[in-house]
>>> print(open('start-v2.cif').read())   # mmCIF, C-alpha atoms
data_run
loop_
_atom_site.label_atom_id
_atom_site.label_comp_id
_atom_site.auth_asym_id
_atom_site.auth_seq_id
_atom_site.Cartn_x
_atom_site.Cartn_y
_atom_site.Cartn_z
CA MET A 1349 2.24 -22.88 13.00
CA LYS A 1350 2.65 -21.48 16.51
CA SER A 1351 -0.30 -21.82 18.87
CA PHE A 1352 -2.34 -18.67 19.46
CA THR A 1353 -5.56 -17.55 21.08
CA PHE A 1354 -8.50 -16.34 19.01
CA SER A 1355 -11.25 -13.95 20.02
CA ARG A 1356 -13.98 -12.04 18.24
CA ALA A 1357 -14.50 -8.33 18.88
CA THR A 1358 -18.01 -6.87 18.76
CA ASN A 1359 -16.98 -3.23 18.40
CA ALA A 1360 -13.90 -1.18 17.56
CA ASN A 1361 -13.22 -0.05 21.13
CA ALA A 1362 -13.26 -3.63 22.39
CA ALA A 1363 -10.88 -4.65 19.61
CA THR A 1364 -8.29 -1.96 20.37
CA HIS A 1365 -8.51 -2.55 24.11
CA ALA A 1366 -7.92 -6.28 23.66
CA ALA A 1367 -4.96 -5.59 21.36
CA SER A 1368 -3.17 -3.45 23.95
CA ASN A 1369 -2.60 -6.26 26.45
CA GLY A 1370 1.17 -6.35 25.98
CA HIS A 1371 1.18 -9.57 23.99
CA ASP A 1372 1.94 -9.86 20.28
CA THR A 1373 -1.64 -9.43 19.13
CA LYS A 1374 -2.86 -8.97 15.55
CA PHE A 1375 -6.19 -7.91 14.11
CA ILE A 1376 -7.54 -10.24 11.44
CA ALA A 1377 -10.24 -9.55 8.86
CA GLY A 1378 -9.67 -11.06 5.41
CA GLY A 1379 -6.39 -12.63 6.49
CA THR A 1380 -5.12 -12.79 2.91
CA ASN A 1381 -1.60 -11.76 3.94
CA LEU A 1382 -1.41 -12.54 7.65
CA LEU A 1383 -2.40 -16.21 7.40
CA ASP A 1384 0.26 -16.87 4.77
CA LEU A 1385 2.87 -15.25 6.99
CA MET A 1386 1.75 -17.30 9.99
CA LYS A 1387 1.95 -20.55 8.02
CA LEU A 1388 5.52 -19.69 7.03
CA GLN A 1389 6.34 -18.66 10.62
CA VAL A 1390 7.27 -15.17 9.48
CA GLU A 1391 4.54 -13.92 11.81
CA GLY A 1392 3.89 -15.66 15.12
CA PRO A 1393 1.31 -13.67 17.07
CA ASP A 1394 0.21 -14.79 20.53
CA ALA A 1395 -3.36 -13.76 19.79
CA LEU A 1396 -5.67 -12.95 16.89
CA ILE A 1397 -8.66 -10.64 17.22
CA ASP A 1398 -11.35 -11.11 14.59
CA ILE A 1399 -12.70 -7.67 13.62
CA ASN A 1400 -15.16 -8.78 10.96
CA HIS A 1401 -18.17 -8.06 13.19
CA ILE A 1402 -17.47 -4.49 14.29
CA GLY A 1403 -19.08 -2.65 11.35
CA LEU A 1404 -16.75 -0.34 9.40
CA ASP A 1405 -17.89 -1.95 6.14
CA SER A 1406 -19.75 0.88 4.40
CA ILE A 1407 -18.90 3.55 1.83
CA GLU A 1408 -20.47 6.94 2.53
CA ASP A 1409 -20.52 10.30 0.78
CA THR A 1410 -18.85 13.18 2.62
CA PRO A 1411 -20.38 16.68 2.72
CA ASP A 1412 -17.62 18.14 0.55
CA GLY A 1413 -18.05 15.63 -2.28
CA GLY A 1414 -15.53 13.00 -1.25
CA LEU A 1415 -15.98 9.47 0.09
CA GLU A 1416 -15.59 7.81 3.50
CA ILE A 1417 -14.51 4.19 3.13
CA GLY A 1418 -14.80 1.84 6.08
CA ALA A 1419 -11.68 -0.15 6.89
CA LEU A 1420 -13.55 -3.43 6.41
CA VAL A 1421 -14.90 -2.66 2.95
CA ARG A 1422 -13.72 -5.51 0.75
CA ASN A 1423 -11.49 -4.66 -2.19
CA ALA A 1424 -13.98 -6.14 -4.67
CA ASP A 1425 -16.84 -4.04 -3.28
CA LEU A 1426 -14.76 -0.87 -3.32
CA ALA A 1427 -13.68 -1.43 -6.92
CA ALA A 1428 -17.28 -2.07 -8.00
CA ASP A 1429 -18.87 0.87 -6.17
CA ALA A 1430 -20.55 3.18 -8.71
CA ARG A 1431 -19.23 6.33 -7.03
CA VAL A 1432 -15.66 5.05 -7.01
CA ARG A 1433 -15.89 4.01 -10.65
CA LYS A 1434 -17.29 7.42 -11.62
CA ILE A 1435 -15.18 9.93 -9.69
CA TYR A 1436 -12.14 7.85 -8.62
CA PRO A 1437 -11.63 5.47 -11.56
CA VAL A 1438 -7.91 5.32 -10.82
CA LEU A 1439 -8.72 3.64 -7.51
CA SER A 1440 -11.09 1.14 -9.07
CA ARG A 1441 -8.53 0.25 -11.74
CA ALA A 1442 -5.75 -0.11 -9.20
CA LEU A 1443 -7.84 -2.47 -7.10
CA LEU A 1444 -8.79 -4.59 -10.10
CA ALA A 1445 -5.11 -4.81 -11.07
CA GLY A 1446 -4.26 -6.42 -7.75
CA ALA A 1447 -4.31 -10.07 -6.69
CA SER A 1448 -7.16 -12.29 -7.94
CA PRO A 1449 -10.98 -12.08 -7.75
CA GLN A 1450 -11.02 -14.53 -4.86
CA LEU A 1451 -8.53 -12.50 -2.84
CA ARG A 1452 -10.27 -9.21 -3.65
CA ASN A 1453 -13.49 -10.71 -2.27
CA LYS A 1454 -11.76 -11.21 1.11
CA ALA A 1455 -9.13 -8.48 1.34
CA THR A 1456 -10.11 -5.29 3.17
CA THR A 1457 -9.27 -1.63 2.75
CA GLY A 1458 -7.41 -1.42 6.06
CA GLY A 1459 -5.62 -4.70 5.55
CA ASN A 1460 -4.51 -3.72 2.06
CA LEU A 1461 -2.81 -0.61 3.43
CA LEU A 1462 -0.97 -2.71 6.01
CA GLN A 1463 0.08 -5.68 3.88
CA ARG A 1464 3.72 -6.59 4.12
CA THR A 1465 6.36 -6.77 1.41
CA ARG A 1466 6.66 -9.71 -0.95
CA CYS A 1467 10.46 -9.74 -0.74
CA TYR A 1468 11.62 -13.34 -1.29
CA TYR A 1469 14.05 -13.12 1.61
CA PHE A 1470 11.45 -11.72 4.01
CA TYR A 1471 9.34 -14.82 3.33
CA ASP A 1472 12.26 -17.26 3.67
CA THR A 1473 13.08 -17.72 7.36
CA THR A 1474 16.38 -19.40 6.49
CA LYS A 1475 17.72 -16.12 5.05
CA PRO A 1476 18.76 -12.96 6.91
CA CYS A 1477 16.19 -10.15 6.81
CA ASN A 1478 16.28 -7.02 8.93
CA LYS A 1479 12.54 -6.50 8.44
CA ARG A 1480 11.75 -9.95 9.83
CA ALA A 1481 14.68 -10.30 12.27
CA PRO A 1482 16.24 -6.88 13.07
CA GLY A 1483 20.02 -6.91 12.97
CA SER A 1484 20.33 -10.11 10.92
CA GLY A 1485 21.21 -8.37 7.65
CA CYS A 1486 19.59 -7.93 4.24
CA ALA A 1487 20.04 -10.89 1.90
CA ALA A 1488 18.42 -8.98 -0.97
CA LEU A 1489 21.28 -6.49 -1.24
CA ALA A 1490 23.60 -9.05 -2.81
CA GLY A 1491 20.91 -11.49 -3.85
CA PHE A 1492 18.24 -11.70 -6.55
CA ASN A 1493 16.53 -8.34 -6.14
CA ARG A 1494 14.56 -7.95 -9.37
CA ILE A 1495 11.30 -6.97 -7.60
CA HIS A 1496 12.93 -4.67 -5.08
CA ALA A 1497 12.80 -0.91 -4.63
CA VAL A 1498 15.10 1.70 -6.15
CA LEU A 1499 13.77 4.65 -4.12
CA GLY A 1500 13.60 5.20 -0.38
CA THR A 1501 15.82 2.22 0.42
CA SER A 1502 18.65 1.90 2.92
CA GLU A 1503 21.55 -0.42 3.67
CA SER A 1504 19.19 -2.22 6.02
CA CYS A 1505 16.38 -2.95 3.55
CA ILE A 1506 15.54 -2.58 -0.14
CA ALA A 1507 12.08 -4.19 -0.07
CA SER A 1508 9.35 -2.58 -2.16
CA HIS A 1509 5.82 -1.78 -1.02
CA PRO A 1510 3.38 -4.24 -2.67
CA SER A 1511 -0.03 -2.52 -2.66
CA ASP A 1512 -1.79 -1.27 -5.80
CA MET A 1513 -4.63 0.33 -3.87
CA ALA A 1514 -2.28 2.37 -1.67
CA ILE A 1515 -0.63 3.89 -4.76
CA ALA A 1516 -3.98 5.22 -6.00
CA MET A 1517 -4.87 6.49 -2.53
CA ARG A 1518 -1.51 8.24 -2.30
CA LEU A 1519 -2.30 9.99 -5.58
CA LEU A 1520 -5.72 10.96 -4.25
CA ASP A 1521 -4.28 12.37 -1.00
CA ALA A 1522 -6.35 10.10 1.21
CA THR A 1523 -6.53 10.48 4.98
CA VAL A 1524 -6.45 7.41 7.20
CA GLU A 1525 -8.47 7.59 10.42
CA THR A 1526 -7.57 5.38 13.38
CA LEU A 1527 -8.77 4.45 16.85
CA LYS A 1528 -6.31 3.96 19.71
CA PRO A 1529 -6.72 1.74 22.79
CA ASP A 1530 -7.29 4.79 25.04
CA GLY A 1531 -10.30 5.77 22.91
CA SER A 1532 -8.62 8.68 21.15
CA THR A 1533 -8.67 8.98 17.38
CA ALA A 1534 -6.13 10.19 14.83
CA ALA A 1535 -6.25 11.41 11.25
CA ILE A 1536 -3.11 10.49 9.31
CA ALA A 1537 -2.27 11.71 5.83
CA ILE A 1538 -1.52 8.63 3.75
CA ALA A 1539 1.82 10.21 2.86
CA ASP A 1540 2.76 9.86 6.55
CA LEU A 1541 1.31 6.42 7.28
CA HIS A 1542 4.16 4.31 5.92
CA LYS A 1543 7.76 4.71 7.10
CA LEU A 1544 10.93 4.39 5.07
CA PRO A 1545 13.21 1.58 6.26
CA GLY A 1546 16.19 3.61 7.43
CA GLU A 1547 17.85 1.60 10.20
CA THR A 1548 14.54 0.20 11.49
CA PRO A 1549 12.85 -1.57 8.55
CA GLU A 1550 10.75 -3.65 10.95
CA GLN A 1551 8.78 -0.47 11.74
CA GLU A 1552 6.65 -0.19 8.62
CA THR A 1553 4.01 2.34 9.72
CA ILE A 1554 3.56 4.98 12.39
CA LEU A 1555 0.68 3.08 14.00
CA GLU A 1556 1.00 2.32 17.70
CA ARG A 1557 0.37 -1.05 19.37
CA GLY A 1558 -3.36 -1.74 19.31
CA GLU A 1559 -4.16 1.16 16.97
CA LEU A 1560 -6.84 0.21 14.46
CA ILE A 1561 -7.54 1.75 11.06
CA THR A 1562 -11.26 2.55 11.04
CA LYS A 1563 -11.78 4.42 7.76
CA VAL A 1564 -10.13 6.12 4.82
CA ILE A 1565 -11.33 9.54 3.67
CA LEU A 1566 -10.96 10.57 0.04
CA PRO A 1567 -11.18 14.30 -0.67
CA PRO A 1568 -13.12 15.54 -3.72
CA PRO A 1569 -11.27 14.42 -6.84
CA THR A 1570 -8.85 16.66 -8.68
CA PRO A 1571 -10.16 17.47 -12.18
CA GLY A 1572 -8.45 15.60 -15.00
CA LYS A 1573 -8.14 12.22 -16.66
CA GLN A 1574 -7.31 9.42 -14.21
CA VAL A 1575 -5.03 6.57 -15.29
CA TYR A 1576 -3.59 3.46 -13.66
CA ARG A 1577 -0.91 1.55 -15.54
CA LYS A 1578 0.75 -1.52 -14.08
CA VAL A 1579 3.82 -3.12 -15.66
CA ARG A 1580 4.30 -6.69 -14.46
CA ASP A 1581 5.64 -10.04 -15.51
CA ARG A 1582 2.24 -11.47 -16.41
CA ALA A 1583 -1.22 -10.07 -17.01
CA SER A 1584 -2.79 -11.12 -13.70
CA TYR A 1585 -1.93 -12.12 -10.16
CA ALA A 1586 1.48 -10.47 -10.21
CA PHE A 1587 2.95 -7.58 -8.28
CA ALA A 1588 4.07 -4.42 -10.05
CA LEU A 1589 7.55 -3.98 -11.43
CA VAL A 1590 6.47 -0.38 -12.02
CA SER A 1591 3.00 1.07 -11.59
CA VAL A 1592 1.80 4.60 -12.19
CA ALA A 1593 -1.36 6.22 -10.87
CA ALA A 1594 -1.90 9.57 -12.56
CA ILE A 1595 -4.26 12.49 -13.00
CA ILE A 1596 -3.56 14.54 -16.13
CA ASP A 1597 -5.34 17.90 -16.31
CA LYS A 1598 -6.62 19.66 -19.43
CA ASN A 1599 -3.34 21.57 -19.76
CA GLY A 1600 -1.31 18.37 -19.75
CA ALA A 1601 0.17 18.73 -16.26
CA ALA A 1602 0.46 15.40 -14.48
CA LYS A 1603 0.09 14.42 -10.85
CA MET A 1604 1.56 10.95 -10.33
CA ALA A 1605 2.17 8.29 -7.70
CA PHE A 1606 4.25 5.16 -8.19
CA GLY A 1607 4.35 1.55 -7.07
CA GLY A 1608 6.95 -1.17 -7.47
CA ILE A 1609 9.86 1.25 -7.26
CA GLY A 1610 9.58 2.62 -3.72
CA ALA A 1611 9.92 1.35 -0.18
CA LYS A 1612 6.53 2.99 0.39
CA PRO A 1613 3.85 4.38 -1.97
CA TRP A 1614 5.92 6.93 -3.87
CA ARG A 1615 5.03 10.44 -4.92
CA VAL A 1616 7.16 13.51 -5.62
CA GLU A 1617 4.97 16.58 -5.23
CA SER A 1618 7.52 18.84 -6.89
CA ALA A 1619 6.82 17.04 -10.18
CA ASP A 1620 3.07 17.77 -10.10
CA ASP A 1621 3.24 20.91 -12.24
CA LEU A 1622 5.58 19.50 -14.87
CA HIS A 1623 4.44 18.65 -18.39
CA ASP A 1624 7.46 17.05 -20.02
CA ALA A 1625 7.80 13.30 -19.45
CA ASP A 1626 11.57 13.38 -19.08
CA GLU A 1627 11.43 16.27 -16.62
CA ILE A 1628 8.86 14.37 -14.56
CA ALA A 1629 11.02 11.25 -14.67
CA ASP A 1630 14.11 13.22 -13.63
CA ALA A 1631 12.26 14.59 -10.60
CA VAL A 1632 10.72 11.25 -9.61
CA LEU A 1633 13.90 9.23 -10.06
CA ALA A 1634 16.26 11.64 -8.33
CA GLY A 1635 18.31 9.53 -5.95
CA ALA A 1636 17.18 6.21 -7.43
CA ILE A 1637 19.65 3.40 -6.83
CA GLY A 1638 19.57 0.01 -8.51
CA HIS A 1639 21.04 -3.05 -6.84
CA GLY A 1640 21.89 -5.23 -9.80
CA SER A 1641 18.90 -7.32 -10.82
CA ASN A 1642 16.53 -4.36 -10.45
CA ASP A 1643 18.58 -1.76 -12.34
CA PHE A 1644 16.10 -2.04 -15.21
CA LYS A 1645 13.36 -0.44 -13.11
CA ILE A 1646 14.92 3.00 -13.53
CA PRO A 1647 14.67 3.20 -17.34
CA LEU A 1648 11.40 1.23 -17.20
CA THR A 1649 9.88 3.91 -14.96
CA ARG A 1650 10.93 6.58 -17.43
CA ARG A 1651 9.34 4.69 -20.33
CA THR A 1652 6.17 4.06 -18.36
CA ILE A 1653 5.79 7.76 -17.56
CA ARG A 1654 6.14 8.56 -21.25
CA ALA A 1655 3.54 5.94 -22.18
CA VAL A 1656 1.04 7.16 -19.57
CA LEU A 1657 1.30 10.77 -20.74
CA ARG A 1658 1.20 9.85 -24.42
CA ASP A 1659 -1.93 7.74 -24.07
CA ALA A 1660 -3.70 10.18 -21.75
CA ARG A 1661 -3.07 13.15 -24.04
CA LYS A 1662 -4.27 11.22 -27.08
CA GLY A 1663 -7.67 10.54 -25.58
#
>>> encode(input="start-v2.cif", output="structure tokens")
Amino acid sequence: MKSFTFSRATNANAATHAASNGHDTKFIAGGTNLLDLMKLQVEGPDALIDINHIGLDSIEDTPDGGLEIGALVRNADLAADARVRKIYPVLSRALLAGASPQLRNKATTGGNLLQRTRCYYFYDTTKPCNKRAPGSGCAALAGFNRIHAVLGTSESCIASHPSDMAIAMRLLDATVETLKPDGSTAAIAIADLHKLPGETPEQETILERGELITKVILPPPTPGKQVYRKVRDRASYAFALVSVAAIIDKNGAAKMAFGGIGAKPWRVESADDLHDADEIADAVLAGAIGHGSNDFKIPLTRRTIRAVLRDARKG
């Protein structure tokens, strides 16, 4: 592992100021993704800033009936919160479907949103990867790409977004609030936080150098039955091949977001008012492209949509 400096911030402003020094500096909280990447030399920051002591670890009600979630709230605590379980059960279920209990005890809300892809070739520094080494190529295109995306990809990158939590938050139309090194703040719709790879897959979000996620705001929930279904290779500790977060209203219309199939948390708003499973699938999968080993994800997504709607309408 490359040598690096380590410091501990005492407040959010100090953290962002320290991270804007021109060096390759990373914030660290749970470290469940970053430390693995550093050990593999995929990430090699010059400095780490520990942000575990700056607050931002509470869940508060908002005046309009939503929730304000601090960026350092642990995934386990968020999933177990009584308010989340009652009015945002899709979020609780998505969190519990991710990783393992030990990792959920450490992983944070902000870190979960910013975790990096689990593409095999991204993790293997002996293989070309435009996300890790821009301009080197994408080994996944002609390689074993079973876990890779079929939507939002490019010739530069076909990696899929790994988060379960972010899929539920995309469904819930969350807003991500940030603090910049100059002291200004920003409110970013979660739909705009993550970038598609295009020709610059190394740029995964719109965040600037030193910009820190401070909280996530959930608006009041949309009425309807909330569902999270995750299709994976084994029952635990596995990333989604296809996941669906859904709210189905009393008339049977479905609002859905998808994981496992997109280069970012995927949602097609034009499908929100549709009732028929095949029509929803047609809208969601428009432009989907398989790359060999992951071709199965396209019909699997269609079947998963049918199963979600069937089960939700039964109950």
>>> resolve_selection(input="start-v2.cif", expression="the PyMOL selection byres ((chain A and resi 1471-1486) around 7)", output="list in words")
Val1390, Cys1467, Tyr1468, Tyr1469, Phe1470, Ala1487, Ala1488, Leu1489, Ser1504, Cys1505, Pro1549 and Glu1550 of chain A
>>> closest_residue(input="start-v2.cif", among="A:Glu1525, A:Ile1538, A:Leu1657, A:Ser1508", to="Val1590 in chain A", atoms="only C-alpha atoms")
A:Ser1508
>>> residues_around(input="start-v2.cif", residues="Thr1649 in chain A", least_positions_apart="6", cutoff="10 Å", atoms="only C-alpha atoms", output="PyMOL selection string")
chain A and resi 1579+1589-1592+1606-1609+1629+1632-1633+1655
>>> resolve_selection(input="start-v2.cif", expression="the PyMOL selection byres ((chain A and resi 1541) around 8)", output="PyMOL selection string")
chain A and resi 1524+1536-1540+1542-1543+1553-1555
>>> closest_residue(input="start-v2.cif", among="A:Ala1535, A:Ile1565, A:Ala1445, A:Leu1451", to="Ser1511 in chain A", atoms="all atoms listed in the file")
A:Ala1445
>>> resolve_selection(input="start-v2.cif", expression="the PyMOL selection byres ((chain A and resi 1624) around 9)", output="JSON, numbers by chain")
{"A": [1600, 1601, 1622, 1623, 1625, 1626, 1627, 1628, 1629, 1654, 1657]}
